[in-house]
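Structure file target_38.cif (mmCIF, C-alpha atoms) follows.
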```cif
data_coords
loop_
_atom_site.label_atom_id
_atom_site.label_comp_id
_atom_site.auth_asym_id
_atom_site.auth_seq_id
_atom_site.Cartn_x
_atom_site.Cartn_y
_atom_site.Cartn_z
CA ARG A 1 19.62 -2.96 -2.05
CA LYS A 2 15.97 -2.47 -1.18
CA GLU A 3 14.46 0.99 -1.53
CA VAL A 4 12.95 0.81 1.95
CA GLU A 5 14.16 -1.34 4.82
CA GLN A 6 12.09 -2.03 7.88
CA ASP A 7 12.48 -4.35 10.86
CA PRO A 8 9.70 -6.96 10.44
CA GLY A 9 9.47 -7.65 14.17
CA PRO A 10 7.32 -9.05 15.58
CA PHE A 11 7.01 -6.59 18.41
CA ASN A 12 5.00 -7.90 21.35
CA VAL A 13 4.41 -5.22 23.98
CA PRO A 14 2.16 -4.88 27.02
CA GLU A 15 -0.71 -2.42 27.08
CA GLY A 16 0.45 1.04 28.01
CA ALA A 17 3.97 0.54 26.69
CA THR A 18 5.77 2.87 24.33
CA VAL A 19 7.04 1.28 21.12
CA ALA A 20 9.12 2.71 18.29
CA PHE A 21 9.54 1.54 14.72
CA ASN A 22 12.29 2.65 12.39
CA CYS A 23 12.63 2.54 8.66
CA THR A 24 15.47 3.51 6.31
CA TYR A 25 15.26 4.52 2.67
CA SER A 26 17.92 4.50 -0.03
CA ASN A 27 16.92 7.32 -2.40
CA SER A 28 18.03 10.67 -1.01
CA ALA A 29 15.78 12.42 -3.55
CA SER A 30 12.60 11.02 -1.97
CA GLN A 31 10.21 13.75 -0.94
CA SER A 32 7.27 12.08 0.76
CA PHE A 33 7.13 9.59 3.58
CA PHE A 34 4.23 7.81 5.19
CA TRP A 35 3.21 5.28 7.78
CA TYR A 36 0.33 2.99 6.91
CA ARG A 37 -1.45 0.58 9.19
CA GLN A 38 -2.75 -2.74 7.88
CA ASP A 39 -5.06 -5.00 9.84
CA CYS A 40 -5.25 -8.70 9.04
CA ARG A 41 -7.01 -9.33 5.71
CA LYS A 42 -7.71 -5.62 5.22
CA GLU A 43 -6.24 -2.94 3.00
CA PRO A 44 -3.45 -0.60 4.13
CA LYS A 45 -4.80 2.62 5.59
CA LEU A 46 -2.86 5.85 5.92
CA LEU A 47 -1.88 6.39 9.54
CA MET A 48 0.10 9.54 9.07
CA SER A 49 2.28 11.41 6.66
CA VAL A 50 5.78 12.20 7.90
CA TYR A 51 6.70 15.83 7.49
CA SER A 52 10.17 17.35 7.54
CA SER A 53 9.48 19.03 10.85
CA GLY A 54 8.07 15.88 12.41
CA ASN A 55 4.45 15.55 13.38
CA GLU A 56 2.27 14.24 16.13
CA ASP A 57 -1.27 12.91 16.14
CA GLY A 58 -2.47 11.96 19.60
CA ARG A 59 -0.40 9.01 20.80
CA PHE A 60 1.49 8.76 17.52
CA THR A 61 4.63 10.73 16.62
CA ALA A 62 6.45 10.51 13.31
CA GLN A 63 9.96 11.81 12.71
CA LEU A 64 12.06 12.21 9.59
CA ASN A 65 15.86 12.37 9.54
CA ARG A 66 16.92 13.28 6.03
CA ALA A 67 20.63 13.25 6.78
CA SER A 68 20.49 9.63 7.94
CA GLN A 69 17.60 8.73 5.63
CA TYR A 70 15.40 7.20 8.25
CA ILE A 71 11.85 7.59 9.43
CA SER A 72 10.45 6.66 12.79
CA LEU A 73 7.05 6.06 14.33
CA LEU A 74 6.53 6.26 18.08
CA ILE A 75 3.38 4.91 19.70
CA ARG A 76 2.79 5.91 23.29
CA ASP A 77 0.40 4.27 25.75
CA SER A 78 -0.22 1.28 23.46
CA LYS A 79 -3.76 0.00 23.18
CA LEU A 80 -4.92 -3.47 22.24
CA SER A 81 -6.45 -1.91 19.14
CA ASP A 82 -2.98 -0.81 17.97
CA SER A 83 -2.18 -4.43 17.11
CA ALA A 84 -1.57 -4.44 13.35
CA THR A 85 1.18 -4.36 10.76
CA TYR A 86 2.78 -0.96 10.24
CA LEU A 87 4.10 -0.23 6.77
CA CYS A 88 6.71 2.41 6.00
CA VAL A 89 6.15 3.93 2.54
CA VAL A 90 8.39 6.28 0.58
CA ASN A 91 7.56 7.89 -2.72
CA GLY A 92 9.91 7.32 -5.62
CA GLU A 93 10.15 8.92 -9.05
CA GLY A 94 6.93 9.78 -10.77
CA ASN A 95 3.96 7.96 -9.36
CA GLN A 96 5.80 5.15 -7.65
CA PHE A 97 5.67 4.32 -3.95
CA TYR A 98 8.03 1.91 -2.22
CA PHE A 99 6.94 -0.22 0.71
CA GLY A 100 8.92 -1.61 3.59
CA THR A 101 8.28 -5.20 4.57
CA GLY A 102 6.00 -4.06 7.41
CA THR A 103 6.46 -4.39 11.17
CA SER A 104 4.07 -6.58 13.09
CA LEU A 105 2.88 -5.23 16.43
CA THR A 106 0.90 -7.17 19.01
CA VAL A 107 -0.22 -5.37 22.15
CA ILE A 108 -0.77 -7.83 24.98
CA PRO A 109 -3.31 -7.29 27.78
CA ASP B 1 -13.93 11.63 0.65
CA THR B 2 -10.97 9.29 0.33
CA GLU B 3 -12.85 6.27 -0.91
CA VAL B 4 -11.65 3.79 -3.46
CA THR B 5 -14.10 1.00 -4.21
CA GLN B 6 -13.35 -2.44 -5.60
CA THR B 7 -15.54 -5.24 -6.86
CA PRO B 8 -15.93 -8.08 -6.29
CA LYS B 9 -14.76 -8.52 -2.69
CA HIS B 10 -14.10 -12.21 -3.23
CA LEU B 11 -13.54 -14.20 -6.41
CA VAL B 12 -12.98 -17.89 -6.96
CA MET B 13 -12.03 -18.92 -10.47
CA GLY B 14 -10.69 -21.88 -12.35
CA MET B 15 -7.53 -21.79 -14.39
CA THR B 16 -9.46 -21.60 -17.66
CA ASN B 17 -11.82 -18.83 -16.61
CA LYS B 18 -11.79 -15.20 -17.68
CA LYS B 19 -12.76 -12.65 -15.06
CA SER B 20 -12.27 -8.96 -14.36
CA LEU B 21 -11.58 -6.94 -11.24
CA LYS B 22 -12.94 -3.42 -11.05
CA CYS B 23 -11.81 -0.32 -9.20
CA GLU B 24 -13.37 3.13 -8.98
CA GLN B 25 -12.44 6.44 -7.36
CA HIS B 26 -14.01 9.89 -7.48
CA MET B 27 -11.29 11.93 -5.80
CA GLY B 28 -9.99 13.40 -9.06
CA HIS B 29 -6.83 11.35 -8.74
CA ARG B 30 -5.03 10.87 -12.03
CA ALA B 31 -2.73 8.03 -10.96
CA MET B 32 -4.16 4.57 -10.32
CA TYR B 33 -2.40 1.39 -9.27
CA TRP B 34 -2.80 -2.36 -9.07
CA TYR B 35 -0.97 -4.24 -6.34
CA LYS B 36 -0.82 -7.92 -5.47
CA GLN B 37 -0.41 -8.90 -1.83
CA LYS B 38 0.38 -12.32 -0.42
CA ALA B 39 -0.05 -13.16 3.26
CA LYS B 40 2.50 -11.56 5.59
CA LYS B 41 4.11 -9.66 2.70
CA PRO B 42 3.85 -6.00 1.70
CA PRO B 43 1.86 -5.02 -1.39
CA GLU B 44 3.76 -5.72 -4.60
CA LEU B 45 3.30 -3.22 -7.41
CA MET B 46 1.91 -4.58 -10.68
CA PHE B 47 0.81 -1.61 -12.80
CA VAL B 48 0.58 2.18 -12.64
CA TYR B 49 -1.65 4.32 -14.82
CA SER B 50 -0.99 8.03 -15.04
CA TYR B 51 -3.56 10.19 -16.84
CA GLU B 52 -5.16 7.00 -18.19
CA LYS B 53 -1.93 5.80 -19.77
CA LEU B 54 0.05 2.81 -18.56
CA SER B 55 3.25 4.22 -17.12
CA ILE B 56 4.65 1.28 -15.17
CA ASN B 57 4.35 -2.46 -15.79
CA GLU B 58 6.44 -4.37 -13.28
CA SER B 59 7.08 -7.29 -15.65
CA VAL B 60 3.68 -8.77 -14.89
CA PRO B 61 2.71 -11.93 -16.85
CA SER B 62 0.37 -11.32 -19.76
CA ARG B 63 -2.38 -13.35 -18.09
CA PHE B 64 -3.00 -10.09 -16.18
CA SER B 65 -4.24 -7.32 -18.46
CA PRO B 66 -4.96 -3.84 -17.06
CA GLU B 67 -7.32 -1.34 -18.58
CA CYS B 68 -8.12 2.26 -17.67
CA PRO B 69 -11.35 3.26 -19.47
CA ASN B 70 -11.42 6.74 -17.90
CA SER B 71 -9.90 8.73 -15.09
CA SER B 72 -12.18 7.17 -12.46
CA LEU B 73 -12.08 3.52 -13.45
CA LEU B 74 -9.43 0.84 -13.49
CA ASN B 75 -9.93 -2.77 -14.49
CA LEU B 76 -7.74 -5.84 -14.25
CA HIS B 77 -8.64 -8.60 -16.70
CA LEU B 78 -7.66 -12.10 -15.67
CA HIS B 79 -7.22 -15.08 -17.97
CA ALA B 80 -5.62 -18.49 -17.55
CA LEU B 81 -4.40 -17.78 -14.04
CA GLN B 82 -2.37 -20.19 -11.95
CA PRO B 83 -3.04 -21.24 -8.33
CA GLU B 84 0.01 -19.21 -7.25
CA ASP B 85 -1.82 -16.08 -8.44
CA SER B 86 -4.19 -16.45 -5.49
CA ALA B 87 -3.74 -13.30 -3.41
CA LEU B 88 -5.35 -10.04 -2.32
CA TYR B 89 -5.47 -7.62 -5.26
CA LEU B 90 -5.44 -4.02 -4.17
CA CYS B 91 -6.29 -0.95 -6.18
CA ALA B 92 -5.00 2.46 -5.13
CA SER B 93 -5.13 6.01 -6.40
CA SER B 94 -3.08 9.13 -5.77
CA PRO B 95 -3.08 12.81 -6.75
CA PRO B 96 -1.77 13.74 -10.19
CA SER B 97 1.79 14.39 -9.12
CA PRO B 98 2.51 12.74 -5.81
CA GLY B 99 5.80 13.76 -4.38
CA GLN B 100 4.61 16.93 -2.79
CA GLU B 101 4.84 16.68 0.94
CA GLY B 102 1.80 14.79 2.16
CA ASP B 103 0.53 13.51 -1.17
CA THR B 104 -0.07 9.82 -0.90
CA GLN B 105 -2.11 6.97 -2.24
CA TYR B 106 -5.37 5.59 -0.96
CA PHE B 107 -6.28 1.94 -1.18
CA GLY B 108 -9.50 0.15 -1.94
CA PRO B 109 -10.60 -2.79 0.23
CA GLY B 110 -9.17 -5.30 -2.22
CA THR B 111 -10.43 -8.37 -4.03
CA ARG B 112 -9.47 -11.68 -2.46
CA LEU B 113 -8.80 -13.99 -5.38
CA THR B 114 -8.59 -17.76 -5.20
CA VAL B 115 -7.51 -19.70 -8.28
CA LEU B 116 -8.40 -23.37 -8.23
#
```
Once more with this new file: its structure as structure tokens, please.
Amino acid sequence: RKEVEQDPGPFNVPEGATVAFNCTYSNSASQSFFWYRQDCRKEPKLLMSVYSSGNEDGRFTAQLNRASQYISLLIRDSKLSDSATYLCVVNGEGNQFYFGTGTSLTVIP
Amino acid sequence: DTEVTQTPKHLVMGMTNKKSLKCEQHMGHRAMYWYKQKAKKPPELMFVYSYEKLSINESVPSRFSPECPNSSLLNLHLHALQPEDSALYLCASSPPSPGQEGDTQYFGPGTRLTVL
């Protein structure tokens, strides 16, 4: 079983739409959770950390459900510039981080 | 400052060449990582250094040899690579003990390697 499971998509949505990505993790002892964004041929960049209480940054909202071991990312009012791959990342033991397969998002004009 | 730098940006090498990839960070992070990433796949962990000591080697072939000269630098020495080793090689760093809420890793821009 993979440490982190993520729907690869692709998600193709019109501008202005709301889109949600989910991710599940297998290790109940995991403490830290993150969403990264990766543009084509670029490095992953931290989009937001996911805190126990949930957190919001502008159009982006991240939620954590420890009981069900899943993490979500909600993007409201999608922009063309949101087109990218979104990676769910969970920390493991020590210095290890586990990546989901990534979800591809294309926002269509 | 959350910058991790990597050189070179691009590298083309033959199967008999020896080359090195370099990574540097000045955030005081004591964990540094090498990842390999193929197109349309997530980064795949290769090595982790913690306090300049190799702590994780994900069964990487010996033609890849990591080195951590000090807490700010990480090298990846390449020798006798195969065409299938062509990929984006990413360096990352993280705080000394990630696992606290919000601690994460930061990536360099990567070296795009082509093996002919």
With only C-alpha atoms considered, list every residue of chain B at most 10 Å from chain A, as a CSV table (one decimal) with C-alpha atoms, in the coordinates of the input.
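Final file, iface_30.csv:
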```csv
chain,number,residue,atom,x,y,z
B,30,ARG,CA,-5.0,10.9,-12.0
B,31,ALA,CA,-2.7,8.0,-11.0
B,32,MET,CA,-4.2,4.6,-10.3
B,33,TYR,CA,-2.4,1.4,-9.3
B,37,GLN,CA,-0.4,-8.9,-1.8
B,39,ALA,CA,0.0,-13.2,3.3
B,40,LYS,CA,2.5,-11.6,5.6
B,41,LYS,CA,4.1,-9.7,2.7
B,42,PRO,CA,3.8,-6.0,1.7
B,43,PRO,CA,1.9,-5.0,-1.4
B,44,GLU,CA,3.8,-5.7,-4.6
B,45,LEU,CA,3.3,-3.2,-7.4
B,47,PHE,CA,0.8,-1.6,-12.8
B,48,VAL,CA,0.6,2.2,-12.6
B,49,TYR,CA,-1.6,4.3,-14.8
B,50,SER,CA,-1.0,8.0,-15.0
B,55,SER,CA,3.2,4.2,-17.1
B,56,ILE,CA,4.6,1.3,-15.2
B,88,LEU,CA,-5.4,-10.0,-2.3
B,89,TYR,CA,-5.5,-7.6,-5.3
B,90,LEU,CA,-5.4,-4.0,-4.2
B,91,CYS,CA,-6.3,-1.0,-6.2
B,92,ALA,CA,-5.0,2.5,-5.1
B,93,SER,CA,-5.1,6.0,-6.4
B,94,SER,CA,-3.1,9.1,-5.8
B,95,PRO,CA,-3.1,12.8,-6.8
B,96,PRO,CA,-1.8,13.7,-10.2
B,97,SER,CA,1.8,14.4,-9.1
B,98,PRO,CA,2.5,12.7,-5.8
B,99,GLY,CA,5.8,13.8,-4.4
B,100,GLN,CA,4.6,16.9,-2.8
B,101,GLU,CA,4.8,16.7,0.9
B,102,GLY,CA,1.8,14.8,2.2
B,103,ASP,CA,0.5,13.5,-1.2
B,104,THR,CA,-0.1,9.8,-0.9
B,105,GLN,CA,-2.1,7.0,-2.2
B,106,TYR,CA,-5.4,5.6,-1.0
B,107,PHE,CA,-6.3,1.9,-1.2
B,108,GLY,CA,-9.5,0.2,-1.9
B,109,PRO,CA,-10.6,-2.8,0.2
B,110,GLY,CA,-9.2,-5.3,-2.2
B,111,THR,CA,-10.4,-8.4,-4.0
B,112,ARG,CA,-9.5,-11.7,-2.5
```
Residues matched by the PyMOL selection byres ((chain A and resi 108) around 10) as a list of chain:residue names: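 Here the PyMOL selection byres ((chain A and resi 108) around 10) matches A:Asn12, A:Val13, A:Pro14, A:Glu15, A:Gly16, A:Ala17, A:Ser78, A:Lys79, A:Leu80, A:Ser83, A:Leu105, A:Thr106, A:Val107, A:Pro109.
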Mind dumping the selected residues with C-alpha atoms as a PDB file, keeping the file's coordinate frame?
```
ATOM      1  CA  ASN A  12       5.000  -7.900  21.350  1.00  0.00           C
ATOM      2  CA  VAL A  13       4.410  -5.220  23.980  1.00  0.00           C
ATOM      3  CA  PRO A  14       2.160  -4.880  27.020  1.00  0.00           C
ATOM      4  CA  GLU A  15      -0.710  -2.420  27.080  1.00  0.00           C
ATOM      5  CA  GLY A  16       0.450   1.040  28.010  1.00  0.00           C
ATOM      6  CA  ALA A  17       3.970   0.540  26.690  1.00  0.00           C
ATOM      7  CA  SER A  78      -0.220   1.280  23.460  1.00  0.00           C
ATOM      8  CA  LYS A  79      -3.760   0.000  23.180  1.00  0.00           C
ATOM      9  CA  LEU A  80      -4.920  -3.470  22.240  1.00  0.00           C
ATOM     10  CA  SER A  83      -2.180  -4.430  17.110  1.00  0.00           C
ATOM     11  CA  LEU A 105       2.880  -5.230  16.430  1.00  0.00           C
ATOM     12  CA  THR A 106       0.900  -7.170  19.010  1.00  0.00           C
ATOM     13  CA  VAL A 107      -0.220  -5.370  22.150  1.00  0.00           C
ATOM     14  CA  PRO A 109      -3.310  -7.290  27.780  1.00  0.00           C
TER      15      PRO A 109
END
```
Spatial sel., origin (-3.0, -16.3, -9.7), limit 10 Å, all atoms listed in the file, listed as JSON, numbers by chain: {"B": [13, 14, 15, 36, 63, 64, 78, 79, 80, 81, 82, 83, 84, 85, 86, 87, 88, 113, 114, 115, 116]}
Atoms kept (C-alpha atoms) for selection, written as an mmCIF file, in the frame of the given file:
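Resulting contents of selection.cif:
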```
data_model
loop_
_atom_site.group_PDB
_atom_site.id
_atom_site.type_symbol
_atom_site.label_atom_id
_atom_site.label_comp_id
_atom_site.auth_asym_id
_atom_site.auth_seq_id
_atom_site.Cartn_x
_atom_site.Cartn_y
_atom_site.Cartn_z
ATOM 1 C CA MET B 13 -12.030 -18.920 -10.470
ATOM 2 C CA GLY B 14 -10.690 -21.880 -12.350
ATOM 3 C CA MET B 15 -7.530 -21.790 -14.390
ATOM 4 C CA LYS B 36 -0.820 -7.920 -5.470
ATOM 5 C CA ARG B 63 -2.380 -13.350 -18.090
ATOM 6 C CA PHE B 64 -3.000 -10.090 -16.180
ATOM 7 C CA LEU B 78 -7.660 -12.100 -15.670
ATOM 8 C CA HIS B 79 -7.220 -15.080 -17.970
ATOM 9 C CA ALA B 80 -5.620 -18.490 -17.550
ATOM 10 C CA LEU B 81 -4.400 -17.780 -14.040
ATOM 11 C CA GLN B 82 -2.370 -20.190 -11.950
ATOM 12 C CA PRO B 83 -3.040 -21.240 -8.330
ATOM 13 C CA GLU B 84 0.010 -19.210 -7.250
ATOM 14 C CA ASP B 85 -1.820 -16.080 -8.440
ATOM 15 C CA SER B 86 -4.190 -16.450 -5.490
ATOM 16 C CA ALA B 87 -3.740 -13.300 -3.410
ATOM 17 C CA LEU B 88 -5.350 -10.040 -2.320
ATOM 18 C CA LEU B 113 -8.800 -13.990 -5.380
ATOM 19 C CA THR B 114 -8.590 -17.760 -5.200
ATOM 20 C CA VAL B 115 -7.510 -19.700 -8.280
ATOM 21 C CA LEU B 116 -8.400 -23.370 -8.230
#
```
Range 66-71 of chain A surroundings by all atoms listed in the file, 7 Å radius, close-in-sequence under 3 positions cut, as an MDAnalysis selection string: chainID A and resid 22:25 28 63
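Proximity ranking of B:Val4, B:Met27, B:Leu73, B:Cys68 relative to Glu52 in chain B places B:Cys68 first, based on all atoms listed in the file.
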Atom pair CA of Glu56 in chain A / CA of Gly28 in chain B: separation (Å):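 Between CA of Glu56 in chain A and CA of Gly28 in chain B the gap works out to 28.0 Å.
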Among listed residues B:Tyr51, B:Thr7, B:Ser59, B:Trp34, nearest Leu21 in chain B (using all atoms listed in the file): B:Thr7
